[in-house]
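Undergrad: Provided herewith is a single structure, encoded as structure tokens, for subsequent inquiry.
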Amino acid sequence: MKYFVTAIGTDSGKTLASAILVEALDADYWKPIQAGRPTDSNTVKGLVSSEKVIHPEQYFLKSPMSPHAAAKIDGVDIHIDQLSLPNTNQPLIIEGAGGLMVPINDNEMVADMIPHFRAEIVLVSNIYLGSINHSLLSLEFIKSRGYPLKGIIFNGPENLETQRIIENYAGVKCILHIKNEKKITKEIVNEYAKELKANWNELAG
Ligand SMILES: Nc1ncnc2c1ncn2[C@@H]1O[C@H](COP(=O)(O)OP(=O)(O)OP(=O)(O)O)[C@@H](O)[C@H]1O
Ligand SMILES: C[C@H](N)[C@H](N)CCCCCC(=O)O
Ligand SMILES: [Mg+2]
């Protein structure tokens with residue numbers, strides 16, 4: 001199975017959520033397009049057990065910007081039909097860049113990778129005042145495109161009413177809630193991975 005980790009915006013916790021998913025599902029990790037350093041692949045590598053496979057990025061862009069702008073600066077043309085999945089027999093966690101409508105070029109956006117990879121979405125919704133709107137817009141977009149949504153991961157201070165209204169609208173359950181942690185470590189990732197694994201198995205019935 002392939003899971004595409006996207007979020008309601010950038011800096012939402014996709015890389016952290018991806019590391020947790022890699023541990024929970026015994027999956028490989030792949031970031032097809034990386035813009036700027038530190039790379040998410042290196043961050044994930046530092047957070048998961050050593051045997052986990054991190055596939056190299058297909059595109060590394062130097063500037064920490066929207067991929068379409070970073071690609072323009074580097075003189076690189078990125079097209080979704082040229083993105084090719086790494087070879088693996090394990091489940092694969094694919095991390096996007098920013099949110100769903102982040103452009104890759106003048107005609108294609110991050111969301112277009114989802115049907116190209118035939119992946120199911122895991123949406124990271126970080127909690128802040130304004131996140132209901134950003135989450136519901138993302139979910140409305142996912143619904144309008146008919147993309148499969150596996151579940152939502154909430155990230156940040158618990159807000160039960162915010163979570164309830166988003167889950168209610170999405171028609172899918174929260175598969176994990178990540179609290180604000182003082183420091184992100186392997187141990188923390190491992191703890192959340194156990195919790196996610198239990199929820200995931202429950203979801204599968
Ligand atoms: N629950 C949390 N507790 C503490 N720090 C967090 C938490 N979630 C995310 N962070 C920190 O916030 C920053 C942004 O998170 P992260 O890199 O996972 O975002 P992202 O959605 O992957 O961003 P990008 O769009 O650049 O890929 C990182 O420094 C990360 O360690
Ligand atoms: C560089 C950054 N960390 C992300 N990888 C890319 C975020 C693009 C956001 C574009 C936008 O929504 O304005
Ligand atoms: Mg990231």
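Ordering of the structure tokens sets the chain letters (A, B, ...); residue numbers start at 1 within each chain; ligands are numbered from 1 in the order shown.
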Restrict the calculation to only C-alpha atoms and all ligand atoms, then for each residue of chain A with any atom at most 8 Å from an atom of ligand 2 give the closest atom pair and their distance in Å to one decimal, rows by chain and rising residue number, as a Markdown table.

TA:
| residue | atom | partner | partner_atom_place_in_ligand_line | distance |
| --- | --- | --- | --- | --- |
| A:Gly9 | CA | ligand 2 | 12 (O) | 6.3 |
| A:Thr10 | CA | ligand 2 | 7 (C) | 5.1 |
| A:Asp11 | CA | ligand 2 | 3 (N) | 6.5 |
| A:Gln34 | CA | ligand 2 | 5 (N) | 6.2 |
| A:Ala35 | CA | ligand 2 | 1 (C) | 5.2 |
| A:Gly36 | CA | ligand 2 | 1 (C) | 6.0 |
| A:Ser63 | CA | ligand 2 | 1 (C) | 7.2 |
| A:Pro64 | CA | ligand 2 | 1 (C) | 3.7 |
| A:Met65 | CA | ligand 2 | 1 (C) | 4.2 |
| A:Ser66 | CA | ligand 2 | 8 (C) | 3.7 |
| A:Pro67 | CA | ligand 2 | 6 (C) | 6.4 |
| A:Ala97 | CA | ligand 2 | 5 (N) | 4.6 |
| A:Gly98 | CA | ligand 2 | 7 (C) | 4.1 |
| A:Gly99 | CA | ligand 2 | 12 (O) | 6.3 |
| A:Met101 | CA | ligand 2 | 12 (O) | 7.2 |
| A:Val102 | CA | ligand 2 | 12 (O) | 5.3 |
| A:Pro103 | CA | ligand 2 | 10 (C) | 7.5 |

Undergrad: Please produce an output containing N, CA and C atoms for each residue in the selection, written as a compact mmCIF listing (two decimals), in the first residue's frame.

TA:
# COMPACT_ATOMS: atom_id res chain seq x y z
N GLY A 9 -1.27 22.64 5.43
CA GLY A 9 -0.32 23.71 5.11
C GLY A 9 1.09 23.21 5.32
N THR A 10 2.05 24.11 5.20
CA THR A 10 3.43 23.71 5.44
C THR A 10 3.72 23.78 6.94
N ASP A 11 4.80 23.13 7.36
CA ASP A 11 5.19 23.12 8.78
C ASP A 11 4.08 22.60 9.69
N GLN A 34 12.01 17.61 -2.72
CA GLN A 34 12.48 18.30 -1.52
C GLN A 34 12.95 19.69 -1.92
N ALA A 35 12.43 20.70 -1.23
CA ALA A 35 12.88 22.07 -1.49
C ALA A 35 13.60 22.60 -0.25
N GLY A 36 14.90 22.75 -0.35
CA GLY A 36 15.72 23.31 0.74
C GLY A 36 16.16 22.28 1.76
N SER A 63 16.23 25.91 -3.04
CA SER A 63 15.58 26.97 -2.25
C SER A 63 14.40 26.46 -1.43
N PRO A 64 14.31 26.89 -0.17
CA PRO A 64 13.18 26.45 0.68
C PRO A 64 11.91 27.24 0.34
N MET A 65 11.33 26.89 -0.77
CA MET A 65 10.18 27.64 -1.31
C MET A 65 9.15 26.66 -1.85
N SER A 66 8.08 27.23 -2.38
CA SER A 66 7.13 26.41 -3.12
C SER A 66 7.90 25.70 -4.25
N PRO A 67 7.67 24.41 -4.45
CA PRO A 67 8.46 23.67 -5.46
C PRO A 67 8.47 24.33 -6.84
N ALA A 97 4.71 18.16 -0.26
CA ALA A 97 5.40 19.40 0.12
C ALA A 97 4.30 20.41 0.41
N GLY A 98 4.35 21.02 1.58
CA GLY A 98 3.29 21.97 1.95
C GLY A 98 1.93 21.29 1.96
N GLY A 99 0.92 21.98 1.43
CA GLY A 99 -0.44 21.43 1.39
C GLY A 99 -0.80 20.89 0.02
N MET A 101 -2.65 22.14 -2.53
CA MET A 101 -2.67 22.97 -3.73
C MET A 101 -1.37 23.74 -3.94
N VAL A 102 -0.28 23.15 -3.47
CA VAL A 102 1.03 23.76 -3.70
C VAL A 102 1.49 23.40 -5.11
N PRO A 103 1.82 24.42 -5.92
CA PRO A 103 2.18 24.13 -7.31
C PRO A 103 3.56 23.49 -7.50

Undergrad: For A:Gly96, please output as a list of chain:residue names all residues within 9 Å (counting only C-alpha atoms; exclusion window: fewer than 4 positions along the same chain).

TA: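 Skipping anything fewer than 4 positions along the chain leaves A:Phe4, A:Val5, A:Thr6, A:Ala7, A:Lys14, A:Lys31, A:Pro32, A:Ile33, A:Gln34, A:Leu100, A:Val110, A:Ala111, A:Met113.
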
Undergrad: Go ahead and save the picked residues with C-alpha atoms, as a CSV table (one decimal), in the first residue's frame.

TA:
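Everything below was put into again03.csv:
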chain,number,residue,atom,x,y,z
A,4,PHE,CA,0.4,10.0,0.7
A,5,VAL,CA,1.0,12.3,3.7
A,6,THR,CA,-0.3,15.7,3.1
A,7,ALA,CA,-1.4,18.5,5.4
A,14,LYS,CA,4.0,15.9,8.0
A,31,LYS,CA,9.9,12.5,-0.4
A,32,PRO,CA,9.7,12.9,-4.2
A,33,ILE,CA,10.4,16.6,-4.2
A,34,GLN,CA,12.5,18.3,-1.5
A,100,LEU,CA,-2.6,20.0,-1.4
A,110,VAL,CA,1.1,18.4,-5.2
A,111,ALA,CA,-2.5,16.9,-5.1
A,113,MET,CA,0.7,13.2,-7.4

Undergrad: Nearest to ligand 3 among A:Glu95, A:Asn133, A:Ile175, A:Lys52, with distances taken over only C-alpha atoms and all ligand atoms: which residue is it?

TA: A:Glu95

Undergrad: Env of stretch 81-89 of chain A: 8 Å cut, atoms = only C-alpha atoms, seq-sep filter 6 positions within chain, self excluded. Answer as a PyMOL selection string.

TA: chain A and resi 28+30+32+55+58+116-117

Undergrad: Please provide the set of residues having any atom within 10 Å of A:Glu23, restricted to only C-alpha atoms, with same-chain residues fewer than 3 positions apart removed, written as a short mmCIF file (atom, residue, chain, number, x, y, z; two decimals) with N, CA and C atoms, in the first residue's frame.

TA:
data_model
loop_
_atom_site.label_atom_id
_atom_site.label_comp_id
_atom_site.auth_asym_id
_atom_site.auth_seq_id
_atom_site.Cartn_x
_atom_site.Cartn_y
_atom_site.Cartn_z
N SER A 18 5.03 11.27 9.23
CA SER A 18 5.56 10.26 8.31
C SER A 18 6.48 9.29 9.06
N ALA A 19 7.33 9.84 9.93
CA ALA A 19 8.24 8.99 10.70
C ALA A 19 7.43 8.02 11.57
N ILE A 20 6.36 8.52 12.17
CA ILE A 20 5.50 7.66 13.01
C ILE A 20 4.85 6.57 12.15
N ASP A 26 5.80 -0.43 9.46
CA ASP A 26 7.02 -1.04 8.95
C ASP A 26 7.17 -0.69 7.46
N ALA A 27 7.07 0.59 7.19
CA ALA A 27 7.04 1.08 5.81
C ALA A 27 8.36 1.74 5.43
N ASP A 28 8.54 1.92 4.11
CA ASP A 28 9.63 2.75 3.59
C ASP A 28 9.13 4.19 3.53
N LEU A 47 14.80 9.67 13.00
CA LEU A 47 13.69 9.41 13.93
C LEU A 47 13.16 7.98 13.89
N VAL A 48 13.63 7.19 12.92
CA VAL A 48 13.11 5.83 12.79
C VAL A 48 14.21 4.81 13.04
N SER A 49 13.84 3.54 13.20
CA SER A 49 14.86 2.52 13.47
C SER A 49 15.74 2.32 12.24
N LYS A 52 15.02 0.80 8.63
CA LYS A 52 13.98 1.34 7.74
C LYS A 52 14.62 1.96 6.50
N LYS A 186 13.48 9.67 18.79
CA LYS A 186 13.12 8.31 18.34
C LYS A 186 12.14 7.67 19.30
N VAL A 189 8.70 9.04 18.84
CA VAL A 189 8.14 8.51 17.59
C VAL A 189 7.68 7.07 17.81
N ASN A 190 8.47 6.31 18.53
CA ASN A 190 8.15 4.92 18.80
C ASN A 190 6.87 4.77 19.63
N GLU A 191 6.73 5.62 20.62
CA GLU A 191 5.51 5.59 21.45
C GLU A 191 4.28 5.87 20.59
N TYR A 192 4.35 6.91 19.78
CA TYR A 192 3.20 7.25 18.92
C TYR A 192 2.95 6.15 17.89
N ALA A 193 4.03 5.51 17.44
CA ALA A 193 3.88 4.44 16.44
C ALA A 193 3.05 3.30 17.01
N LYS A 194 3.29 2.97 18.29
CA LYS A 194 2.53 1.88 18.93
C LYS A 194 1.04 2.23 18.96
N LEU A 196 -0.53 4.40 17.04
CA LEU A 196 -1.07 4.45 15.68
C LEU A 196 -1.35 3.04 15.15
N LYS A 197 -0.44 2.13 15.45
CA LYS A 197 -0.58 0.75 14.98
C LYS A 197 -1.87 0.14 15.53
#

Undergrad: Residues near A:Gln163, anyone? I mean within 8 Å using only C-alpha atoms, not counting same-chain ones fewer than 4 positions away, as a tab-separated table (two decimals) with C-alpha atoms, in the first residue's frame.

TA:
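As a result, out38.tsv now contains:
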chain	number	residue	atom	x	y	z
A	154	PHE	CA	-4.22	15.85	14.54
A	159	ASN	CA	-9.12	20.73	21.11
A	167	GLU	CA	-13.97	14.46	11.80
A	174	CYS	CA	-8.75	10.62	13.69

Undergrad: Restricting the calculation to only C-alpha atoms and all ligand atoms: of A:His68, A:Arg37, A:Lys2, A:Lys45, which residue gets closest to ligand 1?

TA: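 Closest to ligand 1, using only C-alpha atoms and all ligand atoms: A:Arg37.
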
Undergrad: Please give the complete set of residues from stretch 57-205 of chain A that DSSP, run on the backbone, assigns to strand (DSSP E), formatted as an NGL selection string.

TA: :A and (59-61 or 92-95 or 120-126 or 149-155 or 174-178)

Undergrad: Would you list, as an NGL selection string, the residues of stretch 60-149 of chain A that end up in helix (DSSP H, G or I) under DSSP run on this structure's backbone?

TA: :A and (67-74 or 80-82 or 110-117 or 131-145)

Undergrad: Quick one: of A:Gly156, A:Gly151, A:Gly75, A:Pro115, who's nearest to A:Ser131, counting only C-alpha atoms?

TA: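 For A:Ser131, the nearest of the candidates is A:Gly156.
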